[in-house]
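Here is the file target-v2.pdb (PDB, C-alpha atoms).
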```
ATOM      1  CA  MET H   1      15.472  20.876 -20.007
ATOM      2  CA  LEU H   2      15.799  21.850 -16.354
ATOM      3  CA  PHE H   3      15.003  18.303 -15.333
ATOM      4  CA  THR H   4      17.536  16.690 -17.622
ATOM      5  CA  HIS H   5      20.226  19.131 -16.560
ATOM      6  CA  ALA H   6      19.667  18.769 -12.854
ATOM      7  CA  LEU H   7      19.316  15.023 -12.437
ATOM      8  CA  PRO H   8      21.663  12.146 -13.262
ATOM      9  CA  VAL H   9      20.421  10.220 -16.268
ATOM     10  CA  LEU H  10      20.001   6.924 -14.395
ATOM     11  CA  ASN H  11      17.993   8.545 -11.592
ATOM     12  CA  SER H  12      15.725  10.228 -14.126
ATOM     13  CA  VAL H  13      15.115   6.829 -15.709
ATOM     14  CA  PHE H  14      14.191   5.411 -12.304
ATOM     15  CA  ASP H  15      11.751   8.291 -11.802
ATOM     16  CA  LEU H  16      10.128   7.607 -15.163
ATOM     17  CA  ILE H  17       9.802   3.904 -14.313
ATOM     18  CA  THR H  18       8.232   4.803 -10.967
ATOM     19  CA  VAL H  19       5.755   7.187 -12.611
ATOM     20  CA  THR H  20       4.808   4.464 -15.081
ATOM     21  CA  PHE H  21       4.092   1.943 -12.337
ATOM     22  CA  ILE H  22       2.182   4.528 -10.288
ATOM     23  CA  SER H  23       0.053   5.357 -13.326
ATOM     24  CA  GLY H  24      -0.749   1.664 -13.731
ATOM     25  CA  LEU H  25      -1.642   1.381 -10.042
ATOM     26  CA  ILE H  26      -3.958   4.402 -10.257
ATOM     27  CA  ILE H  27      -5.706   2.866 -13.257
ATOM     28  CA  LEU H  28      -6.066  -0.437 -11.376
ATOM     29  CA  SER H  29      -7.494   1.424  -8.371
ATOM     30  CA  VAL H  30     -10.049   3.205 -10.532
ATOM     31  CA  LEU H  31     -10.997  -0.153 -12.072
ATOM     32  CA  SER H  32     -11.364  -1.631  -8.578
ATOM     33  CA  LEU H  33     -13.651   1.229  -7.564
ATOM     34  CA  CYS H  34     -15.761   0.582 -10.648
ATOM     35  CA  PHE H  35     -16.107  -3.084  -9.625
ATOM     36  CA  ILE H  36     -17.050  -2.124  -6.056
ATOM     37  CA  PHE H  37     -19.755   0.353  -7.039
ATOM     38  CA  HIS H  38     -21.046  -1.879  -9.826
ATOM     39  CA  LEU H  39     -21.588  -4.668  -7.295
ATOM     40  CA  ARG H  40     -23.101  -2.127  -4.908
ATOM     41  CA  LEU H  41     -25.698  -1.162  -7.512
ATOM     42  CA  LYS H  42     -26.308  -4.769  -8.573
ATOM     43  CA  SER H  43     -26.910  -5.887  -4.990
ATOM     44  CA  LYS H  44     -29.853  -3.510  -4.687
ATOM     45  CA  SER H  45     -31.775  -5.461  -7.317
ATOM     46  CA  ILE H  46     -30.320  -8.973  -6.809
ATOM     47  CA  THR H  47     -31.022 -10.256  -3.314
ATOM     48  CA  HIS H  48     -28.362 -12.977  -3.139
ATOM     49  CA  LEU H  49     -25.608 -10.450  -3.843
ATOM     50  CA  GLN H  50     -26.397  -8.433  -0.737
ATOM     51  CA  GLY H  51     -24.482 -10.770   1.608
ATOM     52  CA  PHE H  52     -21.288 -10.468  -0.409
ATOM     53  CA  ASN H  53     -21.718  -6.714  -0.709
ATOM     54  CA  SER H  54     -21.662  -6.348   3.075
ATOM     55  CA  LEU H  55     -17.895  -5.708   3.003
ATOM     56  CA  TRP H  56     -18.004  -3.093   0.267
ATOM     57  CA  THR H  57     -16.961  -0.271   2.629
ATOM     58  CA  VAL H  58     -13.825  -2.142   3.725
ATOM     59  CA  ARG H  59     -12.901  -2.896   0.111
ATOM     60  CA  PHE H  60     -13.461   0.753  -0.719
ATOM     61  CA  LEU H  61     -11.087   1.718   2.102
ATOM     62  CA  LEU H  62      -8.440  -0.662   0.782
ATOM     63  CA  VAL H  63      -8.580   0.840  -2.701
ATOM     64  CA  LEU H  64      -8.728   4.402  -1.343
ATOM     65  CA  PHE H  65      -5.621   3.957   0.824
ATOM     66  CA  ILE H  66      -3.721   2.386  -2.076
ATOM     67  CA  PHE H  67      -4.749   5.247  -4.365
ATOM     68  CA  LEU H  68      -3.644   7.873  -1.827
ATOM     69  CA  TRP H  69      -0.360   6.022  -1.227
ATOM     70  CA  ALA H  70       0.319   6.115  -4.968
ATOM     71  CA  ILE H  71      -0.323   9.866  -5.059
ATOM     72  CA  THR H  72       2.042  10.516  -2.142
ATOM     73  CA  GLU H  73       4.742   8.487  -3.892
ATOM     74  CA  LEU H  74       4.619  11.026  -6.707
ATOM     75  CA  LEU H  75       5.549  13.817  -4.300
ATOM     76  CA  ARG H  76       9.088  12.477  -3.825
ATOM     77  CA  LEU H  77       9.883  12.458  -7.552
ATOM     78  CA  PRO H  78      11.708  15.551  -8.902
ATOM     79  CA  PHE H  79      10.343  14.654 -12.328
ATOM     80  CA  PHE H  80       6.747  14.961 -11.117
ATOM     81  CA  ARG H  81       7.343  18.109  -9.064
ATOM     82  CA  ARG H  82       9.103  19.872 -11.906
ATOM     83  CA  LYS H  83       6.576  18.947 -14.565
ATOM     84  CA  TYR H  84       3.292  19.172 -12.689
ATOM     85  CA  LEU H  85       3.802  21.333  -9.575
ATOM     86  CA  TYR H  86       6.135  24.041 -10.853
ATOM     87  CA  PRO H  87       3.715  25.323 -13.540
ATOM     88  CA  PHE H  88       1.121  26.007 -10.811
ATOM     89  CA  SER H  89       3.652  27.341  -8.303
ATOM     90  CA  PRO H  90       6.694  28.857 -10.042
ATOM     91  CA  SER H  91       7.948  30.207  -6.699
ATOM     92  CA  PHE H  92       8.253  26.700  -5.253
ATOM     93  CA  THR H  93      11.433  27.093  -3.186
ATOM     94  CA  VAL H  94      14.036  24.512  -2.242
ATOM     95  CA  SER H  95      12.897  24.724   1.382
ATOM     96  CA  GLN H  96       9.296  23.998   0.389
ATOM     97  CA  GLN H  97      10.414  21.021  -1.656
ATOM     98  CA  ALA H  98      12.350  19.703   1.338
ATOM     99  CA  ASN H  99       9.220  20.008   3.486
ATOM    100  CA  LEU H 100       7.306  18.139   0.808
ATOM    101  CA  CYS H 101       9.759  15.270   1.194
ATOM    102  CA  LYS H 102       9.060  15.199   4.933
ATOM    103  CA  VAL H 103       5.312  15.144   4.322
ATOM    104  CA  HIS H 104       5.787  12.309   1.848
ATOM    105  CA  ILE H 105       7.641  10.141   4.387
ATOM    106  CA  VAL H 106       5.027  10.689   7.114
ATOM    107  CA  LEU H 107       2.078  10.019   4.806
ATOM    108  CA  SER H 108       3.631   7.128   2.882
ATOM    109  CA  LEU H 109       5.533   5.128   5.516
ATOM    110  CA  GLY H 110       3.554   6.452   8.472
ATOM    111  CA  PHE H 111      -0.061   6.221   7.387
ATOM    112  CA  PHE H 112      -1.197   5.237   3.892
ATOM    113  CA  GLU H 113       0.930   2.116   3.390
ATOM    114  CA  PRO H 114       0.313   0.770   6.922
ATOM    115  CA  ALA H 115      -3.371   1.633   6.436
ATOM    116  CA  PHE H 116      -3.808  -0.370   3.247
ATOM    117  CA  LEU H 117      -1.842  -3.283   4.717
ATOM    118  CA  VAL H 118      -4.015  -3.342   7.857
ATOM    119  CA  THR H 119      -7.181  -3.074   5.743
ATOM    120  CA  LEU H 120      -5.956  -5.984   3.621
ATOM    121  CA  LEU H 121      -5.451  -8.027   6.783
ATOM    122  CA  PHE H 122      -8.886  -7.017   8.075
ATOM    123  CA  LEU H 123     -10.493  -8.317   4.869
ATOM    124  CA  LEU H 124      -8.577 -11.572   5.171
ATOM    125  CA  ASN H 125      -9.717 -12.109   8.757
ATOM    126  CA  ALA H 126     -13.295 -11.103   7.961
ATOM    127  CA  SER H 127     -13.491 -13.883   5.378
ATOM    128  CA  ILE H 128     -13.657 -16.589   8.076
ATOM    129  CA  ARG H 129     -15.911 -14.860  10.564
ATOM    130  CA  LYS H 130     -19.461 -16.113  10.911
ATOM    131  CA  LYS H 131     -20.701 -12.561  11.394
ATOM    132  CA  THR H 132     -19.791  -9.703   9.112
ATOM    133  CA  PRO H 133     -17.662  -7.134  10.987
ATOM    134  CA  ASN H 134     -19.119  -3.673  11.421
ATOM    135  CA  ASP H 135     -17.760  -1.005   9.063
ATOM    136  CA  ALA H 136     -17.083   1.303  11.994
ATOM    137  CA  TRP H 137     -14.950  -1.410  13.602
ATOM    138  CA  ALA H 138     -12.894  -1.701  10.397
ATOM    139  CA  ILE H 139     -12.217   2.044  10.341
ATOM    140  CA  THR H 140     -11.443   2.085  14.055
ATOM    141  CA  SER H 141      -8.983  -0.806  13.700
ATOM    142  CA  VAL H 142      -7.115   0.941  10.907
ATOM    143  CA  LEU H 143      -6.919   4.246  12.773
ATOM    144  CA  LEU H 144      -5.865   2.673  16.068
ATOM    145  CA  THR H 145      -3.076   0.794  14.288
ATOM    146  CA  CYS H 146      -1.823   3.481  11.916
ATOM    147  CA  LEU H 147      -2.190   6.781  13.786
ATOM    148  CA  PRO H 148       0.479   5.876  16.400
ATOM    149  CA  VAL H 149       2.856   4.892  13.586
ATOM    150  CA  ALA H 150       2.143   8.154  11.756
ATOM    151  CA  ALA H 151       2.593  10.193  14.943
ATOM    152  CA  LEU H 152       5.927   8.528  15.677
ATOM    153  CA  GLN H 153       7.126   9.086  12.113
ATOM    154  CA  ALA H 154       6.061  12.743  12.253
ATOM    155  CA  SER H 155       7.915  13.342  15.524
ATOM    156  CA  LEU H 156      11.091  11.757  14.130
ATOM    157  CA  ILE H 157      10.869  13.632  10.823
ATOM    158  CA  PHE H 158       9.924  17.141  11.970
ATOM    159  CA  PHE H 159      11.764  17.254  15.318
ATOM    160  CA  SER H 160      14.793  15.020  14.576
ATOM    161  CA  PRO H 161      15.666  14.138  18.198
ATOM    162  CA  PHE H 162      18.706  12.075  17.132
ATOM    163  CA  GLU H 163      19.898  14.323  14.307
ATOM    164  CA  ASN H 164      23.532  14.396  15.431
ATOM    165  CA  ARG H 165      23.782  10.668  16.197
ATOM    166  CA  LEU H 166      22.079   8.868  13.329
ATOM    167  CA  PRO H 167      21.530   9.514   9.584
ATOM    168  CA  SER H 168      18.465  11.744   9.579
ATOM    169  CA  GLU H 169      18.462  13.647   6.300
ATOM    170  CA  THR H 170      15.120  13.666   4.524
ATOM    171  CA  SER H 171      16.347  15.438   1.395
ATOM    172  CA  VAL H 172      19.431  16.738  -0.346
ATOM    173  CA  VAL H 173      19.858  19.514  -2.883
ATOM    174  CA  LEU H 174      21.494  18.575  -6.163
ATOM    175  CA  HIS H 175      23.346  21.311  -8.057
ATOM    176  CA  ASP H 176      24.662  21.006 -11.570
ATOM    177  CA  ARG H 177      27.237  23.030 -13.478
ATOM    178  CA  LEU H 178      24.551  25.257 -14.979
ATOM    179  CA  GLY H 179      23.224  26.317 -11.593
ATOM    180  CA  PHE H 180      19.996  24.317 -11.636
ATOM    181  CA  GLN H 181      18.755  22.816  -8.376
ATOM    182  CA  SER H 182      16.686  19.732  -7.620
ATOM    183  CA  VAL H 183      15.628  18.373  -4.243
ATOM    184  CA  LEU H 184      16.007  14.606  -3.871
ATOM    185  CA  CYS H 185      14.074  12.874  -1.096
ATOM    186  CA  ALA H 186      15.721  10.402   1.290
ATOM    187  CA  TYR H 187      14.517   8.070   4.044
ATOM    188  CA  PRO H 188      16.061   8.678   7.496
ATOM    189  CA  PHE H 189      17.420   5.702   9.391
ATOM    190  CA  LEU H 190      14.910   5.910  12.254
ATOM    191  CA  SER H 191      11.961   6.112   9.858
ATOM    192  CA  GLY H 192      13.121   2.828   8.409
ATOM    193  CA  VAL H 193      13.454   1.370  11.913
ATOM    194  CA  VAL H 194       9.875   2.384  12.795
ATOM    195  CA  PHE H 195       8.542   0.895   9.586
ATOM    196  CA  ALA H 196      10.621  -2.247  10.188
ATOM    197  CA  GLY H 197       9.002  -2.638  13.605
ATOM    198  CA  PHE H 198       5.571  -2.277  12.063
ATOM    199  CA  GLY H 199       6.521  -4.724   9.297
ATOM    200  CA  ALA H 200       7.735  -7.363  11.746
ATOM    201  CA  ALA H 201       4.551  -7.190  13.841
ATOM    202  CA  TYR H 202       2.365  -7.106  10.750
ATOM    203  CA  SER H 203       4.105 -10.063   9.070
ATOM    204  CA  THR H 204       3.636 -12.206  12.189
ATOM    205  CA  TRP H 205      -0.041 -11.286  12.431
ATOM    206  CA  PHE H 206      -0.537 -11.810   8.695
ATOM    207  CA  LEU H 207       1.139 -15.225   8.729
ATOM    208  CA  PHE H 208      -1.062 -16.375  11.605
ATOM    209  CA  SER H 209      -4.203 -15.115   9.813
ATOM    210  CA  CYS H 210      -3.270 -16.916   6.598
ATOM    211  CA  TRP H 211      -2.742 -20.143   8.564
ATOM    212  CA  ARG H 212      -6.214 -19.790  10.116
ATOM    213  CA  VAL H 213      -7.863 -19.154   6.746
ATOM    214  CA  LEU H 214      -6.077 -22.053   5.048
ATOM    215  CA  SER H 215      -7.162 -24.394   7.846
ATOM    216  CA  LEU H 216     -10.803 -23.726   6.877
ATOM    217  CA  VAL H 217     -10.638 -23.499   3.094
ATOM    218  CA  ILE H 218     -10.955 -26.661   0.994
ATOM    219  CA  ASN H 219     -11.584 -24.975  -2.365
ATOM    220  CA  LYS H 220      -8.406 -25.368  -4.412
ATOM    221  CA  GLY H 221      -8.844 -22.079  -6.272
ATOM    222  CA  LEU H 222      -9.247 -20.105  -3.073
ATOM    223  CA  ARG H 223      -6.242 -21.789  -1.511
ATOM    224  CA  VAL H 224      -4.130 -20.779  -4.509
ATOM    225  CA  ARG H 225      -5.249 -17.145  -4.117
ATOM    226  CA  ILE H 226      -4.359 -17.143  -0.434
ATOM    227  CA  TYR H 227      -0.948 -18.710  -1.133
ATOM    228  CA  VAL H 228      -0.241 -16.044  -3.771
ATOM    229  CA  LEU H 229      -1.345 -13.248  -1.448
ATOM    230  CA  ALA H 230       0.660 -14.629   1.488
ATOM    231  CA  SER H 231       3.842 -15.245  -0.491
ATOM    232  CA  THR H 232       3.680 -11.786  -2.093
ATOM    233  CA  VAL H 233       3.194  -9.892   1.161
ATOM    234  CA  LEU H 234       5.628 -11.986   3.219
ATOM    235  CA  VAL H 235       8.382 -11.560   0.614
ATOM    236  CA  ALA H 236       7.726  -7.993  -0.567
ATOM    237  CA  LEU H 237       7.333  -6.366   2.852
ATOM    238  CA  PRO H 238      10.662  -7.623   4.289
ATOM    239  CA  LEU H 239      12.323  -6.709   0.990
ATOM    240  CA  GLN H 240      11.017  -3.158   1.337
ATOM    241  CA  VAL H 241      12.337  -2.971   4.889
ATOM    242  CA  VAL H 242      15.770  -4.162   3.739
ATOM    243  CA  SER H 243      15.717  -1.594   0.926
ATOM    244  CA  LEU H 244      14.976   1.197   3.409
ATOM    245  CA  GLY H 245      17.885   0.016   5.534
ATOM    246  CA  PHE H 246      20.319  -0.014   2.625
ATOM    247  CA  SER H 247      19.130   3.356   1.307
ATOM    248  CA  VAL H 248      20.900   5.182   4.161
ATOM    249  CA  LEU H 249      24.255   3.827   2.961
ATOM    250  CA  TRP H 250      24.209   6.029  -0.137
ATOM    251  CA  SER H 251      23.352   9.647  -0.753
ATOM    252  CA  PRO H 252      20.336  10.346  -2.989
ATOM    253  CA  ARG H 253      22.862  11.886  -5.368
ATOM    254  CA  GLU H 254      24.304   8.424  -6.031
ATOM    255  CA  GLU H 255      22.769   6.075  -8.570
ATOM    256  CA  LEU H 256      22.793   3.092  -6.181
ATOM    257  CA  HIS H 257      20.353   4.981  -3.972
ATOM    258  CA  GLY H 258      17.982   5.171  -6.927
ATOM    259  CA  VAL H 259      18.249   1.401  -7.429
ATOM    260  CA  VAL H 260      17.487   0.666  -3.770
ATOM    261  CA  SER H 261      14.591   3.159  -3.698
ATOM    262  CA  LEU H 262      13.083   1.584  -6.808
ATOM    263  CA  VAL H 263      13.285  -1.889  -5.247
ATOM    264  CA  GLY H 264      11.528  -0.614  -2.114
ATOM    265  CA  PHE H 265       8.804   1.053  -4.151
ATOM    266  CA  LEU H 266       8.223  -2.032  -6.309
ATOM    267  CA  SER H 267       7.914  -4.164  -3.163
ATOM    268  CA  ALA H 268       5.078  -2.018  -1.834
ATOM    269  CA  PHE H 269       3.614  -1.841  -5.351
ATOM    270  CA  CYS H 270       3.409  -5.662  -5.477
ATOM    271  CA  CYS H 271       1.545  -5.766  -2.151
ATOM    272  CA  ALA H 272      -0.926  -3.156  -3.378
ATOM    273  CA  THR H 273      -1.653  -4.700  -6.771
ATOM    274  CA  THR H 274      -1.928  -8.225  -5.374
ATOM    275  CA  GLY H 275      -4.291  -7.021  -2.652
ATOM    276  CA  GLU H 276      -6.558  -5.250  -5.123
ATOM    277  CA  GLY H 277      -6.522  -8.148  -7.545
ATOM    278  CA  ILE H 278      -7.187 -10.935  -5.022
ATOM    279  CA  LEU H 279      -9.378  -9.168  -2.467
ATOM    280  CA  VAL H 280     -11.334  -6.793  -4.687
ATOM    281  CA  ILE H 281     -11.425  -7.479  -8.417
ATOM    282  CA  LYS H 282     -11.330 -11.287  -8.533
ATOM    283  CA  PRO H 283     -13.977 -12.052  -5.870
ATOM    284  CA  ILE H 284     -16.352  -9.390  -7.174
ATOM    285  CA  SER H 285     -15.903 -10.690 -10.710
ATOM    286  CA  ASP H 286     -16.622 -14.232  -9.523
ATOM    287  CA  ALA H 287     -19.693 -13.067  -7.606
ATOM    288  CA  LEU H 288     -21.101 -11.249 -10.626
ATOM    289  CA  ASP H 289     -20.351 -14.125 -13.013
ATOM    290  CA  ALA H 290     -21.896 -16.744 -10.761
ATOM    291  CA  GLY H 291     -24.832 -14.623  -9.684
ATOM    292  CA  GLY H 292     -23.506 -14.279  -6.148
ATOM    293  CA  ASN H 293     -23.155 -18.022  -5.474
ATOM    294  CA  CYS H 294     -19.382 -17.989  -5.533
ATOM    295  CA  CYS H 295     -16.670 -18.677  -3.033
ATOM    296  CA  SER H 296     -18.829 -20.678  -0.649
ATOM    297  CA  TRP H 297     -16.274 -21.890   1.847
ATOM    298  CA  THR H 298     -16.888 -25.181   3.555
ATOM    299  CA  PRO H 299     -15.283 -25.412   7.014
ATOM    300  CA  GLN H 300     -12.844 -28.251   7.347
ATOM    301  CA  ALA H 301     -14.878 -29.673  10.214
ATOM    302  CA  GLN H 302     -17.591 -30.615   7.727
ATOM    303  CA  ARG H 303     -15.295 -33.255   6.331
ATOM    304  CA  THR H 304     -15.828 -35.161   9.574
ATOM    305  CA  GLU H 305     -19.605 -34.774   9.144
ATOM    306  CA  GLN H 306     -19.995 -32.418  12.066
ATOM    307  CA  THR H 307     -22.905 -30.055  11.857
ATOM    308  CA  GLU H 308     -21.511 -26.553  11.829
ATOM    309  CA  PRO H 309     -23.240 -23.541  10.321
ATOM    310  CA  ALA H 310     -22.118 -22.899   6.763
ATOM    311  CA  VAL H 311     -20.342 -19.704   5.923
ATOM    312  CA  ALA H 312     -22.688 -17.182   4.359
ATOM    313  CA  VAL H 313     -22.752 -17.478   0.589
ATOM    314  CA  GLY H 314     -20.546 -14.941  -1.124
ATOM    315  CA  GLU H 315     -19.883 -13.040   2.089
ATOM    316  CA  ARG H 316     -16.500 -14.482   2.988
ATOM    317  CA  CYS H 317     -14.823 -14.778  -0.420
ATOM    318  CA  VAL H 318     -11.325 -13.675  -1.220
TER     319      VAL H 318
END
```

Before anything else, please render the file you have as structure tokens.
Amino acid sequence: MLFTHALPVLNSVFDLITVTFISGLIILSVLSLCFIFHLRLKSKSITHLQGFNSLWTVRFLLVLFIFLWAITELLRLPFFRRKYLYPFSPSFTVSQQANLCKVHIVLSLGFFEPAFLVTLLFLLNASIRKKTPNDAWAITSVLLTCLPVAALQASLIFFSPFENRLPSETSVVLHDRLGFQSVLCAYPFLSGVVFAGFGAAYSTWFLFSCWRVLSLVINKGLRVRIYVLASTVLVALPLQVVSLGFSVLWSPREELHGVVSLVGFLSAFCCATTGEGILVIKPISDALDAGGNCCSWTPQAQRTEQTEPAVAVGERCV
């Protein structure tokens, strides 16, 4: 009853839709982990699966970052906080809820989403390398890319250097006529600018990587997967950036803010689900079905009968 009293009906519907999609993403992530560890166990007894399994740590990182991003998205929802956090902490104050919104922004826009996007790109680039990248290099690449973004987001959120010049609210308190209070999270303008900068650099890098991969792939099925992945990321990520920009035009109390926030969330959701489906579930399924002899990419140079070393069987699939 507290929830229905304190929140506008339309915003509560948006929260329920978001929770539904997050639940689906968590289930998909658990399924992806099952595929990864199933292949890991299979590769110990089937020799020709070992080459493909060489990237299992990177795939695990991708799924883990997506899972953690989904969990942090729950923190911004009053519906989730009221139903699942309040029973364990009845003294959860308005100030603590506001701090939770700040933590959500830093973790979501600053680390976990950039981390799963960079890991996705790392997997895409690894698919055309003759030598399997070291797992430590994958982790280092993600940390070197994402930690500066997270640090910048944290400094803007917790210290608010431009508080009096630009929209910088991270939350607002909603009161109703019965005296109930709910804290609604918001995205500050500069947080959106930082994420937009990351998105612009990432989209350029991603587009170049897709062009390189497509120049080597002649398998029609693999080309279709790469086109789907590229079109999803290159449309959804700019759409999320635009949504963050428009979200500062309305207060979280207004229903239009809920619409814009939902669009931004669904954009990131599409990137996550497409990444797991194309880079984790589908290639592992193909490898298991075909006994590991799947996704053998033939470099385009072989069409001209040049003798180049073939890409390792199963190791470079997407």

Skip region 69-85 of chain H itself and residues of its chain fewer than 6 positions away, then list as a PyMOL selection string all residues within 8 Å of it, counting all atoms listed in the file. chain H and resi 3+12+15-16+19+22+25-26+100-101+104+107-108+112-113+182-185

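We find CA of Leu117 (chain H) and CA of Gln97 (chain H) to be spaced 28.0 Å apart.
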
Given the choices H:Asn99, H:Ser32, H:Thr20, H:Ser141, which gets closest to Pro114 (chain H) if the distance is worked out from only C-alpha atoms?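 Closest candidate: H:Ser141.
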
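Rounded to one decimal, CA of Gly192 (chain H) and CA of Ala268 (chain H) lie 13.9 Å from each other.
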
Using the chain letters and numbers from the file, give me the residues hit by the PyMOL selection byres ((chain H and resi 119) around 10), as an MDAnalysis selection string. chainID H and resid 58:63 65 113:118 120:125 138:139 141:142 275

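For the residues H:Ile226, H:Val106, H:Ala200, H:Leu55, ranking by smallest atom-to-atom distance to Thr274 (chain H) using only C-alpha atoms places H:Ile226 first.
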
Would you translate the PyMOL selection byres ((chain H and resi 156) around 12) into the concrete set of residues it matches in this file, as an mmCIF file with C-alpha atoms, in the frame of the given file?
```cif
data_model
loop_
_atom_site.group_PDB
_atom_site.id
_atom_site.type_symbol
_atom_site.label_atom_id
_atom_site.label_comp_id
_atom_site.auth_asym_id
_atom_site.auth_seq_id
_atom_site.Cartn_x
_atom_site.Cartn_y
_atom_site.Cartn_z
ATOM 1 C CA LYS H 102 9.060 15.199 4.933
ATOM 2 C CA VAL H 103 5.312 15.144 4.322
ATOM 3 C CA ILE H 105 7.641 10.141 4.387
ATOM 4 C CA VAL H 106 5.027 10.689 7.114
ATOM 5 C CA GLY H 110 3.554 6.452 8.472
ATOM 6 C CA VAL H 149 2.856 4.892 13.586
ATOM 7 C CA ALA H 150 2.143 8.154 11.756
ATOM 8 C CA ALA H 151 2.593 10.193 14.943
ATOM 9 C CA LEU H 152 5.927 8.528 15.677
ATOM 10 C CA GLN H 153 7.126 9.086 12.113
ATOM 11 C CA ALA H 154 6.061 12.743 12.253
ATOM 12 C CA SER H 155 7.915 13.342 15.524
ATOM 13 C CA ILE H 157 10.869 13.632 10.823
ATOM 14 C CA PHE H 158 9.924 17.141 11.970
ATOM 15 C CA PHE H 159 11.764 17.254 15.318
ATOM 16 C CA SER H 160 14.793 15.020 14.576
ATOM 17 C CA PRO H 161 15.666 14.138 18.198
ATOM 18 C CA PHE H 162 18.706 12.075 17.132
ATOM 19 C CA GLU H 163 19.898 14.323 14.307
ATOM 20 C CA LEU H 166 22.079 8.868 13.329
ATOM 21 C CA PRO H 167 21.530 9.514 9.584
ATOM 22 C CA SER H 168 18.465 11.744 9.579
ATOM 23 C CA GLU H 169 18.462 13.647 6.300
ATOM 24 C CA THR H 170 15.120 13.666 4.524
ATOM 25 C CA TYR H 187 14.517 8.070 4.044
ATOM 26 C CA PRO H 188 16.061 8.678 7.496
ATOM 27 C CA PHE H 189 17.420 5.702 9.391
ATOM 28 C CA LEU H 190 14.910 5.910 12.254
ATOM 29 C CA SER H 191 11.961 6.112 9.858
ATOM 30 C CA GLY H 192 13.121 2.828 8.409
ATOM 31 C CA VAL H 193 13.454 1.370 11.913
ATOM 32 C CA VAL H 194 9.875 2.384 12.795
#
```

Have a look at CA of Phe246 (chain H) and CA of Val259 (chain H) and let me know their distance in Å, one decimal.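 Taking CA of Phe246 (chain H) and CA of Val259 (chain H), their separation equals 10.4 Å.
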
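Distance check against Glu254 (chain H) using only C-alpha atoms: of H:Leu147, H:Leu174, H:Leu68, H:Ile278, the minimum falls on H:Leu174.
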
List as a ChimeraX atom specification the protein and nucleic acid residues near Val235 (chain H), meaning an atom at most 10 Å away when only C-alpha atoms are counted, but skip any in the same chain fewer than 4 places from it. /H:203,230-231,239-240,267,270-271

Where is the centre and how long are the edges: axis-aligned box on region 272-278 of chain H, 8 Å on each side, Å to one decimal, as JSON:
```
{"center_x": -4.1, "center_y": -7.0, "center_z": -5.1, "size_x": 22.3, "size_y": 23.8, "size_z": 20.9}
```

Choose the residue, out of H:Ser29, H:Thr273, H:Gln181, H:Thr140, that has the smallest atom-to-atom separation from Phe92 (chain H); count only C-alpha atoms. H:Gln181

Identify all residues satisfying the PyMOL selection byres ((chain H and resi 247) around 8) in the given file; provide them as a count of residues only. 13

With only C-alpha atoms as the basis for distance, which of H:Val30, H:Leu266, H:Leu39, H:Val217 is at the shortest distance from Ile284 (chain H)?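 Of the candidates, the smallest distance to Ile284 (chain H) is held by H:Leu39.
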